[in-house]
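One file, run_0.cif, carrying mmCIF, C-alpha atoms:
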```
data_my_file
loop_
_atom_site.label_atom_id
_atom_site.label_comp_id
_atom_site.auth_asym_id
_atom_site.auth_seq_id
_atom_site.Cartn_x
_atom_site.Cartn_y
_atom_site.Cartn_z
CA MET J 153 -11.37 26.52 20.89
CA GLU J 154 -11.32 25.85 24.62
CA ALA J 155 -13.07 23.16 26.59
CA ASN J 156 -16.27 24.35 28.23
CA GLU J 157 -16.49 22.68 31.63
CA ALA J 158 -19.97 22.47 33.04
CA LEU J 159 -21.97 20.17 35.26
CA ALA J 160 -23.93 17.28 33.76
CA ILE J 161 -22.10 17.12 30.41
CA ALA J 162 -18.85 15.49 29.27
CA THR J 163 -15.77 17.67 28.76
CA VAL J 164 -12.64 16.71 26.84
CA PRO J 165 -9.72 19.19 26.71
CA CYS J 166 -8.85 20.34 23.20
CA GLN J 167 -5.50 19.19 21.85
CA GLN J 168 -2.82 21.86 21.31
CA TRP J 169 -0.54 21.65 18.28
CA GLY J 170 2.86 20.28 19.25
CA GLN J 171 5.64 17.92 18.28
CA LEU J 172 4.98 15.34 15.53
CA TYR J 173 6.49 11.90 14.98
CA GLU J 174 8.42 11.28 11.80
CA GLU J 175 6.49 9.27 9.21
CA GLY J 176 7.65 5.71 10.00
CA THR J 177 7.19 6.10 13.77
CA ALA J 178 3.77 7.69 13.28
CA LEU J 179 2.44 4.70 11.32
CA THR J 180 3.91 2.15 13.76
CA ASN J 181 2.41 3.99 16.74
CA GLY J 182 -0.98 4.68 15.15
CA THR J 183 -0.81 8.47 15.52
CA VAL J 184 1.33 11.37 14.32
CA PHE J 185 1.01 13.00 17.75
CA PRO J 186 3.27 11.81 20.63
CA ASP J 187 0.70 13.46 22.96
CA LEU J 188 -1.93 10.89 21.91
CA ASN J 189 0.29 7.79 21.99
CA LYS J 190 -0.84 5.91 25.09
CA PRO J 191 0.32 2.31 24.72
CA PHE J 192 -0.97 -0.71 26.64
CA TYR J 193 2.17 -1.51 28.63
CA VAL J 194 0.79 -4.49 30.48
CA THR J 195 1.24 -6.85 27.51
CA ASP J 196 4.65 -5.71 26.32
CA THR J 197 6.36 -8.71 27.94
CA LEU J 198 4.23 -11.05 25.80
CA VAL J 199 5.97 -9.93 22.63
CA ASP J 200 8.63 -12.46 21.79
CA SER J 201 10.32 -10.69 18.91
CA PRO J 202 9.92 -7.10 17.80
CA VAL J 203 8.56 -6.57 14.30
CA THR J 204 9.88 -3.69 12.27
CA MET J 205 7.22 -2.18 10.09
CA GLY J 206 7.88 -2.45 6.41
CA LYS J 207 10.78 -4.83 6.94
CA ALA J 208 10.89 -6.95 3.81
CA SER J 209 11.35 -10.67 4.26
CA THR J 210 14.74 -11.93 3.06
CA SER J 211 13.16 -14.44 0.69
CA LEU J 212 11.66 -11.69 -1.45
CA ASP J 213 13.16 -11.01 -4.82
CA PRO J 214 14.74 -7.55 -5.19
CA LYS J 215 11.95 -6.30 -7.47
CA GLN J 216 9.27 -7.17 -4.96
CA MET J 217 11.33 -5.63 -2.14
CA GLU J 218 11.56 -2.41 -4.11
CA ARG J 219 7.81 -2.41 -4.69
CA GLU J 220 7.11 -3.06 -1.00
CA GLN J 221 9.43 -0.22 0.00
CA LEU J 222 7.49 2.21 -2.17
CA MET J 223 4.19 0.83 -0.83
CA ASN J 224 5.48 1.29 2.71
CA LYS J 225 6.38 4.91 1.96
CA ILE J 226 2.86 5.45 0.56
CA ASN J 227 1.35 3.92 3.71
CA GLN J 228 3.42 6.21 5.92
CA VAL J 229 2.70 9.45 4.04
CA SER J 230 -0.99 8.57 3.59
CA PHE J 231 -1.34 7.88 7.30
CA PHE J 232 0.09 11.32 8.05
CA VAL J 233 -2.54 12.79 5.73
CA ASN J 234 -5.34 10.75 7.44
CA ASP J 235 -4.42 11.72 10.96
CA LEU J 236 -3.90 15.41 10.15
CA THR J 237 -7.24 15.50 8.33
CA LEU J 238 -9.00 14.42 11.53
CA TYR J 239 -7.02 16.98 13.53
CA LEU J 240 -8.08 19.70 11.11
CA ASP J 241 -11.74 18.62 11.29
CA THR J 242 -11.71 19.99 14.84
CA HIS J 243 -8.88 22.57 14.46
CA GLY J 244 -9.89 24.08 11.12
CA ASP J 245 -7.85 27.30 11.47
CA ASP J 246 -4.52 25.76 12.53
CA LYS J 247 -2.07 27.20 9.97
CA GLU J 248 0.84 24.94 10.93
CA ALA J 249 -1.30 21.82 10.53
CA LEU J 250 -2.63 23.09 7.18
CA LYS J 251 0.91 23.60 5.92
CA VAL J 252 2.01 20.06 6.91
CA LEU J 253 -1.17 18.57 5.42
CA SER J 254 -0.60 20.39 2.15
CA ASP J 255 3.05 19.24 1.92
CA LYS J 256 2.22 15.62 2.76
CA GLY J 257 -0.74 15.66 0.39
CA LYS J 258 1.51 16.71 -2.50
CA GLU J 259 4.06 14.06 -1.57
CA ARG J 260 1.31 11.42 -1.47
CA ALA J 261 0.05 12.39 -4.94
CA THR J 262 3.57 12.10 -6.38
CA LEU J 263 4.15 8.71 -4.74
CA LEU J 264 0.80 7.34 -6.00
CA ASP J 265 1.71 8.41 -9.53
CA GLU J 266 5.14 6.81 -9.22
CA PHE J 267 3.60 3.54 -8.00
CA ALA J 268 1.06 3.55 -10.83
CA GLU J 269 3.71 4.15 -13.47
CA LYS J 270 6.10 1.48 -12.10
CA TYR J 271 3.66 -1.23 -10.91
CA TYR J 272 -0.14 -0.80 -10.96
CA PRO J 273 -2.68 1.91 -10.09
CA LEU J 274 -3.81 2.02 -6.43
CA THR J 275 -6.80 4.27 -7.13
CA CYS J 276 -8.91 4.75 -10.24
CA ASP J 277 -7.59 8.33 -10.50
CA CYS J 278 -4.07 6.91 -10.94
CA ILE J 279 -5.04 4.88 -14.01
CA ALA J 280 -4.76 7.87 -16.30
CA LYS J 281 -1.19 8.45 -15.07
CA CYS J 282 -0.04 5.11 -16.48
CA SER J 283 1.47 5.18 -19.95
CA LYS J 284 -0.34 1.93 -20.87
CA ALA J 285 -3.74 3.19 -19.74
CA GLY J 286 -5.19 3.10 -23.25
CA GLU J 287 -3.97 -0.43 -24.01
CA GLU J 288 -4.46 -2.61 -20.92
CA ASN J 289 -7.03 -3.04 -18.17
CA LEU J 290 -4.63 -1.82 -15.46
CA TRP J 291 -7.21 -1.71 -12.65
CA ALA J 292 -7.25 -5.51 -12.58
CA ASN J 293 -3.46 -5.64 -12.04
CA GLY J 294 -1.65 -6.11 -8.75
CA PRO J 295 -2.38 -8.35 -5.75
CA ALA J 296 -5.46 -7.95 -3.54
CA PRO J 297 -4.43 -5.91 -0.48
CA TRP J 298 -5.63 -8.61 1.94
CA GLU J 299 -3.22 -11.22 0.53
CA GLY J 300 -0.36 -9.88 2.70
CA ALA J 301 2.99 -11.67 2.82
CA CYS J 302 2.13 -14.91 1.07
CA ILE J 303 1.48 -13.73 -2.48
CA MET F 156 -19.40 8.71 -3.16
CA TRP F 157 -16.45 6.59 -2.15
CA ASN F 158 -13.33 5.46 -4.01
CA TYR F 159 -11.38 2.31 -3.28
CA GLU F 160 -7.64 2.51 -2.67
CA LYS F 161 -5.93 -0.81 -3.31
CA ARG F 162 -3.90 -1.06 -0.09
CA LEU F 163 -4.48 -1.55 3.64
CA GLN F 164 -4.19 1.46 5.98
CA PHE F 165 -1.60 -0.52 7.97
CA PRO F 166 0.14 -3.62 6.56
CA VAL F 167 -1.20 -7.04 7.60
CA LYS F 168 1.23 -9.89 6.92
CA ILE F 169 0.42 -12.97 8.98
CA THR F 170 2.31 -16.15 8.15
CA LYS F 171 1.03 -18.56 10.86
CA THR F 172 -2.39 -20.20 10.58
CA CYS F 173 -4.38 -19.83 13.82
CA PRO F 174 -8.14 -20.34 13.62
CA LYS F 175 -8.50 -19.73 17.37
CA THR F 176 -7.08 -16.21 17.03
CA ALA F 177 -9.26 -15.62 13.96
CA GLN F 178 -12.32 -16.56 15.97
CA LEU F 179 -11.45 -13.93 18.60
CA ILE F 180 -10.48 -11.14 16.21
CA ILE F 181 -13.62 -11.55 14.08
CA SER F 182 -15.46 -9.74 16.88
CA GLN F 183 -13.89 -6.51 15.67
CA TYR F 184 -15.52 -7.21 12.28
CA GLY F 185 -19.09 -8.01 13.27
CA GLY F 186 -19.18 -7.76 17.07
CA PRO F 187 -20.94 -5.16 19.25
CA ASP F 188 -17.94 -2.78 19.30
CA GLY F 189 -16.49 -3.80 15.94
CA GLU F 190 -15.34 -1.66 13.05
CA LEU F 191 -18.45 -2.31 10.95
CA SER F 192 -20.64 -1.07 13.78
CA ALA F 193 -18.36 1.95 14.21
CA SER F 194 -18.48 2.89 10.54
CA MET F 195 -22.27 2.51 10.26
CA ARG F 196 -22.77 4.48 13.49
CA TYR F 197 -20.79 7.51 12.32
CA LEU F 198 -21.96 7.44 8.72
CA SER F 199 -25.58 7.25 9.92
CA GLN F 200 -25.30 10.02 12.52
CA ARG F 201 -23.66 12.59 10.25
CA TYR F 202 -26.67 13.73 8.17
CA THR F 203 -28.51 15.52 10.97
CA MET F 204 -25.48 16.91 12.84
CA PRO F 205 -26.11 20.65 13.33
CA VAL F 206 -22.42 21.68 13.27
CA LYS F 207 -20.98 21.22 9.79
CA GLU F 208 -17.44 20.35 10.95
CA VAL F 209 -18.84 17.59 13.17
CA GLY F 210 -20.62 16.07 10.15
CA GLY F 211 -17.28 16.25 8.34
CA LEU F 212 -15.48 14.53 11.21
CA LEU F 213 -18.10 11.75 11.30
CA THR F 214 -17.60 11.25 7.55
CA ASP F 215 -13.81 11.05 7.88
CA ILE F 216 -13.80 8.75 10.91
CA GLY F 217 -16.63 6.61 9.45
CA THR F 218 -14.51 6.22 6.32
CA GLU F 219 -11.40 5.31 8.31
CA GLU F 220 -13.43 2.66 10.19
CA LEU F 221 -14.14 0.97 6.83
CA ALA F 222 -10.37 0.73 6.31
CA HIS F 223 -10.09 -0.78 9.81
CA MET F 224 -12.80 -3.30 8.95
CA GLU F 225 -10.74 -4.28 5.91
CA MET F 226 -7.65 -4.77 8.12
CA ILE F 227 -9.57 -7.00 10.55
CA CYS F 228 -10.99 -9.05 7.66
CA ALA F 229 -7.50 -9.38 6.16
CA MET F 230 -6.26 -10.68 9.53
CA VAL F 231 -9.06 -13.26 9.82
CA TYR F 232 -8.52 -14.28 6.20
CA GLN F 233 -4.75 -14.72 6.60
CA LEU F 234 -5.13 -16.61 9.90
CA THR F 235 -7.44 -19.17 8.24
CA ARG F 236 -6.20 -19.17 4.64
CA ASP F 237 -4.34 -22.50 5.03
CA LEU F 238 -6.85 -24.03 7.43
CA THR F 239 -7.08 -27.82 7.40
CA ILE F 240 -10.08 -29.76 8.61
CA GLU F 241 -7.97 -30.95 11.57
CA ASP F 242 -7.19 -27.30 12.51
CA ALA F 243 -10.89 -26.48 12.37
CA LYS F 244 -11.76 -29.37 14.67
CA THR F 245 -9.09 -28.75 17.29
CA ALA F 246 -8.95 -24.98 17.51
CA GLY F 247 -12.61 -24.21 18.10
CA PHE F 248 -13.30 -22.93 14.59
CA ASP F 249 -15.56 -25.89 13.76
CA ALA F 250 -18.95 -24.20 14.28
CA TYR F 251 -17.97 -21.21 12.13
CA TYR F 252 -16.51 -23.54 9.49
CA VAL F 253 -19.77 -25.47 9.15
CA ASP F 254 -21.73 -22.35 8.21
CA HIS F 255 -19.14 -20.25 6.36
CA THR F 256 -16.19 -22.54 5.42
CA LYS F 257 -13.32 -19.97 5.23
CA ALA F 258 -15.44 -17.04 4.05
CA LEU F 259 -15.72 -13.78 6.00
CA TRP F 260 -19.05 -13.19 7.75
CA PRO F 261 -19.65 -10.42 10.32
CA GLN F 262 -20.23 -11.94 13.74
CA ALA F 263 -19.13 -11.46 17.34
CA ALA F 264 -16.53 -13.76 18.93
CA ALA F 265 -19.35 -15.65 20.66
CA GLY F 266 -21.12 -16.27 17.32
CA LEU F 267 -23.84 -13.59 17.45
CA PRO F 268 -24.46 -12.10 14.00
CA PHE F 269 -23.74 -8.44 13.26
CA SER F 270 -26.71 -6.29 14.16
CA ALA F 271 -27.60 -2.61 13.84
CA MET F 272 -29.01 -3.04 17.36
CA GLU F 273 -25.43 -2.64 18.57
CA PHE F 274 -25.19 1.06 17.72
CA GLN F 275 -27.36 4.15 17.89
CA SER F 276 -28.24 7.12 15.78
CA LYS F 277 -30.42 9.13 18.10
CA GLY F 278 -30.88 12.50 16.43
CA ASP F 279 -29.51 14.59 19.30
CA ALA F 280 -25.96 15.88 18.84
CA ILE F 281 -25.02 15.62 22.53
CA THR F 282 -26.47 12.12 22.86
CA ASP F 283 -24.82 10.87 19.67
CA LEU F 284 -21.39 12.34 20.43
CA THR F 285 -21.54 10.88 23.95
CA GLU F 286 -22.35 7.49 22.37
CA ASP F 287 -19.37 7.94 20.04
CA LEU F 288 -17.02 8.67 22.97
CA ALA F 289 -18.25 5.50 24.71
CA ALA F 290 -18.00 3.47 21.48
CA GLU F 291 -14.31 4.35 21.07
CA GLN F 292 -13.63 3.32 24.67
CA LYS F 293 -15.51 0.03 24.22
CA ALA F 294 -13.51 -0.78 21.11
CA ARG F 295 -10.27 0.09 22.95
CA THR F 296 -11.23 -2.36 25.72
CA VAL F 297 -11.75 -5.11 23.12
CA TYR F 298 -8.29 -4.41 21.69
CA ASP F 299 -6.82 -4.46 25.22
CA ASN F 300 -8.48 -7.85 25.79
CA LEU F 301 -7.19 -9.21 22.48
CA LEU F 302 -3.66 -7.96 23.21
CA ARG F 303 -3.70 -9.81 26.55
CA MET F 304 -4.52 -13.10 24.81
CA ILE F 305 -2.56 -12.93 21.57
CA THR F 306 1.24 -13.32 21.48
CA ASP F 307 2.04 -13.50 17.74
CA PRO F 308 3.78 -10.18 16.89
CA GLU F 309 2.46 -10.31 13.32
CA VAL F 310 -1.06 -10.12 14.78
CA ARG F 311 -0.23 -7.77 17.65
CA GLU F 312 1.27 -4.95 15.55
CA PRO F 313 -1.92 -4.19 13.57
CA LEU F 314 -4.01 -4.63 16.74
CA LYS F 315 -1.85 -2.08 18.57
CA PHE F 316 -2.24 0.33 15.66
CA LEU F 317 -6.04 -0.07 15.74
CA ARG F 318 -6.09 0.41 19.52
CA THR F 319 -4.30 3.76 19.25
CA ARG F 320 -6.78 4.88 16.58
CA GLU F 321 -9.60 4.40 19.11
CA ILE F 322 -7.83 6.80 21.48
CA VAL F 323 -7.24 9.38 18.73
CA HIS F 324 -10.90 9.15 17.64
CA PHE F 325 -12.04 9.58 21.25
CA GLN F 326 -10.05 12.83 21.42
CA ARG F 327 -11.59 14.09 18.16
CA PHE F 328 -15.15 13.26 19.25
CA GLY F 329 -14.44 15.07 22.51
CA GLU F 330 -13.38 18.14 20.54
CA ALA F 331 -16.48 17.76 18.35
CA LEU F 332 -18.61 17.79 21.51
CA GLU F 333 -16.84 20.99 22.64
CA LYS F 334 -17.60 22.58 19.25
CA THR F 335 -21.25 21.59 19.56
CA LYS F 336 -21.41 22.95 23.12
CA GLY F 337 -19.97 26.20 21.80
CA THR F 338 -23.16 26.75 19.77
CA LEU F 339 -25.42 26.16 22.80
CA ASP F 340 -26.20 28.03 26.02
CA SER F 341 -23.74 26.84 28.68
CA LYS F 342 -26.30 27.65 31.43
CA ASN F 343 -28.42 24.79 30.10
CA PHE F 344 -27.06 22.59 27.31
CA TYR F 345 -30.32 20.65 27.36
CA TYR F 346 -32.74 23.55 26.76
CA PHE F 347 -33.62 22.07 23.36
CA ASN F 348 -32.50 19.27 21.04
CA PRO F 349 -30.00 20.92 18.66
CA GLU F 350 -30.91 18.46 15.88
CA PHE F 351 -34.66 18.88 16.14
CA ASP F 352 -36.07 21.92 17.89
CA LYS F 353 -34.25 25.00 16.65
CA PRO F 354 -32.09 24.15 13.65
CA SER F 355 -32.44 27.64 12.12
CA GLU F 356 -31.29 29.49 15.26
CA LEU F 357 -28.30 27.17 15.47
CA THR F 358 -27.22 27.75 11.89
CA LYS F 359 -27.14 31.51 12.51
CA THR F 360 -24.56 31.19 15.27
CA MET F 361 -22.23 28.98 13.21
#
```
Structure rendered as structure tokens:
Amino acid sequence: MEANEALAIATVPCQQWGQLYEEGTALTNGTVFPDLNKPFYVTDTLVDSPVTMGKASTSLDPKQMEREQLMNKINQVSFFVNDLTLYLDTHGDDKEALKVLSDKGKERATLLDEFAEKYYPLTCDCIAKCSKAGEENLWANGPAPWEGACI
Amino acid sequence: MWNYEKRLQFPVKITKTCPKTAQLIISQYGGPDGELSASMRYLSQRYTMPVKEVGGLLTDIGTEELAHMEMICAMVYQLTRDLTIEDAKTAGFDAYYVDHTKALWPQAAAGLPFSAMEFQSKGDAITDLTEDLAAEQKARTVYDNLLRMITDPEVREPLKFLRTREIVHFQRFGEALEKTKGTLDSKNFYYFNPEFDKPSELTKTM
């Protein structure tokens, strides 16, 4: 698909497939595409200390750190799936993008199952993957996502 | 049908109480260019979109905006979770506190309640996609303005993430407009309203 430039209507050039960020960088930057990463440089000097995404606080116990690491991995892979889904909404026949989406989608499914088995289900589809599904109300388990660092 | 996933799209972990910052950020919950407005705009516009992929894109972006709304609410919640009455009096959160205590309520930074008057669903694919392009830019400007005022890195990181998403969505809506233009006559894109006048002719070319 190519942009159709004409008078009296908006035109945006169509993005070409190119280099991708690796998972962690993609989530931190808010896009998997370096071509679309256009930061707001003017405020960079305001930042007093850089924050590393997914960095666990030192006061956490090892079990919670492990859980947060797995959650962070799920966030990263899921974000890749999100952003590629939008790309494919407007680039439906891009074979390279379809391949990456399919790989990341499989990885996400495996990670969600692992999280459900070890900790608690993140979606209702994961409940069935838990060995205790028939005995406990697992959907009520786990912290609310908005509680953040101070659980 | 929607399913809930028990996590935020991008982690929000704010450790310092700051009602003043909460009062600014709440605009991206219930303000004119906020995430609630964005989600309702796209999820309302999608039904009558003549190009199927564009309806799909509006669904996916409208869904992502709900996740952004949840992030903004989590930020407001964490910034005011340990609020004392002294904080509320000194940091300008007093008026909000009187009506809502520490609960979340969709309003603009200046106190105006959320309103569907802030977005449009016009029933013309070109008009609606042009509105969507503008909406993403307006939201980006709000994030730029917030980033100029807020210095706490725990607040800035999620705001920077959300700002980039506005730019990515702008690009996708631009491509959606190109797709829609591709089904129309480039000599006169305005010969008819693609959502109203000739829906059957349009479907044939897709």
Please determine, counting only C-alpha atoms, which residue among J:Gln171, J:Gln221, J:Asn289, J:Thr183 has the shortest atom-to-atom distance to chain F.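 Under the stated criterion, the closest residue is J:Thr183.
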Point (0.1, -5.4, 7.2) neighbourhood (8 Å, only C-alpha atoms) written as a PDB file with C-alpha atoms, in the coordinates of the input:
```pdb
ATOM      1  CA  GLY J 300      -0.360  -9.880   2.700  1.00  0.00           C
TER       2      GLY J 300
ATOM      3  CA  LEU F 163      -4.480  -1.550   3.640  1.00  0.00           C
ATOM      4  CA  PHE F 165      -1.600  -0.520   7.970  1.00  0.00           C
ATOM      5  CA  PRO F 166       0.140  -3.620   6.560  1.00  0.00           C
ATOM      6  CA  VAL F 167      -1.200  -7.040   7.600  1.00  0.00           C
ATOM      7  CA  LYS F 168       1.230  -9.890   6.920  1.00  0.00           C
ATOM      8  CA  ILE F 169       0.420 -12.970   8.980  1.00  0.00           C
ATOM      9  CA  MET F 226      -7.650  -4.770   8.120  1.00  0.00           C
ATOM     10  CA  PRO F 313      -1.920  -4.190  13.570  1.00  0.00           C
TER      11      PRO F 313
END
```
Residues selected by the PyMOL selection byres ((chain F and resi 231-247) around 10), written as a VMD selection string: (chain J and resid 298 to 302) or (chain F and resid 167 to 181 184 225 to 230 248 to 253 256 to 259 310)
Which one of J:Ala285, J:Ile279, J:Leu238, J:Ala249 sits closest to F:Glu219 if you count all atoms listed in the file? J:Leu238
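With only C-alpha atoms as the atoms that count, the minimum distance from chain J to the choices F:Gln326, F:Thr335, F:Gln275, F:Gln183 is reached by F:Gln326.
As for atom CA of F:Arg327 and atom CA of F:Phe347, they are spaced 24.0 Å apart.
With distances taken over all atoms listed in the file, F:Lys207 is the one residue among F:Lys293, F:Lys207, F:Arg196, F:Lys277 lying closest to chain J.
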Report as a PyMOL selection string the residues that result from applying the PyMOL selection byres ((chain F and resi 164) around 12) to the structure here. (chain J and resi 179-180+182+223-235+297-298) or (chain F and resi 159-163+165-167+218-227+229+313+316-317+320)
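Residue nearest J:Ser283, chosen from J:Leu222, J:Ala261, J:Lys270, J:Gln167 and counting all atoms listed in the file: J:Lys270.
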Identify all residues satisfying the PyMOL selection byres ((chain J and resi 272) around 8) in the given file; provide them as a ChimeraX atom specification. /J:267-271,273-274,290-291,293-294
Using only C-alpha atoms, can you tell me which of F:Ala263, F:Met304, F:Met204, F:Leu212 comes closest to F:Leu191?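 The shortest atom-to-atom distance to F:Leu191 comes from F:Ala263.
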Might you pull out every residue within 10 Å of J:Ala155, with only C-alpha atoms counted and same-chain residues fewer than 6 positions away left off, and present them as a PDB file with C-alpha atoms, in the frame of the given file?
```
ATOM      1  CA  ALA J 162     -18.850  15.490  29.270  1.00  0.00           C
ATOM      2  CA  THR J 163     -15.770  17.670  28.760  1.00  0.00           C
ATOM      3  CA  VAL J 164     -12.640  16.710  26.840  1.00  0.00           C
ATOM      4  CA  PRO J 165      -9.720  19.190  26.710  1.00  0.00           C
ATOM      5  CA  CYS J 166      -8.850  20.340  23.200  1.00  0.00           C
ATOM      6  CA  GLN J 167      -5.500  19.190  21.850  1.00  0.00           C
TER       7      GLN J 167
ATOM      8  CA  GLY F 329     -14.440  15.070  22.510  1.00  0.00           C
ATOM      9  CA  GLU F 330     -13.380  18.140  20.540  1.00  0.00           C
ATOM     10  CA  LEU F 332     -18.610  17.790  21.510  1.00  0.00           C
ATOM     11  CA  GLU F 333     -16.840  20.990  22.640  1.00  0.00           C
ATOM     12  CA  LYS F 334     -17.600  22.580  19.250  1.00  0.00           C
ATOM     13  CA  LYS F 336     -21.410  22.950  23.120  1.00  0.00           C
ATOM     14  CA  GLY F 337     -19.970  26.200  21.800  1.00  0.00           C
TER      15      GLY F 337
END
```
Could you please determine the separation between atom CA of F:Asp254 and atom CA of F:Phe269 in Å, to one decimal place? 14.9 Å
How would stretch 327-346 of chain F look with N, CA and C atoms restored, written as a tab-separated table (two decimals), in the frame of the given file?
```
chain	number	residue	atom	x	y	z
F	327	ARG	N	-10.91	13.28	19.18
F	327	ARG	CA	-11.59	14.09	18.16
F	327	ARG	C	-13.08	14.23	18.45
F	328	PHE	N	-13.72	13.15	18.92
F	328	PHE	CA	-15.15	13.26	19.25
F	328	PHE	C	-15.35	14.18	20.45
F	329	GLY	N	-14.38	14.15	21.38
F	329	GLY	CA	-14.44	15.07	22.51
F	329	GLY	C	-14.38	16.52	22.03
F	330	GLU	N	-13.48	16.78	21.09
F	330	GLU	CA	-13.38	18.14	20.54
F	330	GLU	C	-14.64	18.51	19.76
F	331	ALA	N	-15.23	17.52	19.09
F	331	ALA	CA	-16.48	17.76	18.35
F	331	ALA	C	-17.60	18.12	19.33
F	332	LEU	N	-17.60	17.46	20.49
F	332	LEU	CA	-18.61	17.79	21.51
F	332	LEU	C	-18.39	19.21	22.01
F	333	GLU	N	-17.12	19.61	22.21
F	333	GLU	CA	-16.84	20.99	22.64
F	333	GLU	C	-17.34	21.98	21.60
F	334	LYS	N	-17.12	21.70	20.33
F	334	LYS	CA	-17.60	22.58	19.25
F	334	LYS	C	-19.12	22.71	19.30
F	335	THR	N	-19.78	21.58	19.51
F	335	THR	CA	-21.25	21.59	19.56
F	335	THR	C	-21.71	22.39	20.77
F	336	LYS	N	-21.07	22.19	21.91
F	336	LYS	CA	-21.41	22.95	23.12
F	336	LYS	C	-21.24	24.44	22.90
F	337	GLY	N	-20.24	24.80	22.09
F	337	GLY	CA	-19.97	26.20	21.80
F	337	GLY	C	-21.12	26.90	21.08
F	338	THR	N	-22.01	26.14	20.46
F	338	THR	CA	-23.16	26.75	19.77
F	338	THR	C	-24.40	26.77	20.66
F	339	LEU	N	-24.26	26.26	21.90
F	339	LEU	CA	-25.42	26.16	22.80
F	339	LEU	C	-25.23	27.08	24.01
F	340	ASP	N	-26.26	27.20	24.82
F	340	ASP	CA	-26.20	28.03	26.02
F	340	ASP	C	-25.61	27.21	27.16
F	341	SER	N	-24.44	27.63	27.66
F	341	SER	CA	-23.74	26.84	28.68
F	341	SER	C	-24.50	26.81	30.02
F	342	LYS	N	-25.50	27.70	30.19
F	342	LYS	CA	-26.30	27.65	31.43
F	342	LYS	C	-27.21	26.43	31.43
F	343	ASN	N	-27.61	26.00	30.21
F	343	ASN	CA	-28.42	24.79	30.10
F	343	ASN	C	-28.25	24.19	28.70
F	344	PHE	N	-27.33	23.22	28.61
F	344	PHE	CA	-27.06	22.59	27.31
F	344	PHE	C	-28.26	21.79	26.80
F	345	TYR	N	-29.20	21.54	27.71
F	345	TYR	CA	-30.32	20.65	27.36
F	345	TYR	C	-31.63	21.41	27.14
F	346	TYR	N	-31.53	22.73	26.90
F	346	TYR	CA	-32.74	23.55	26.76
F	346	TYR	C	-33.57	23.10	25.56
```
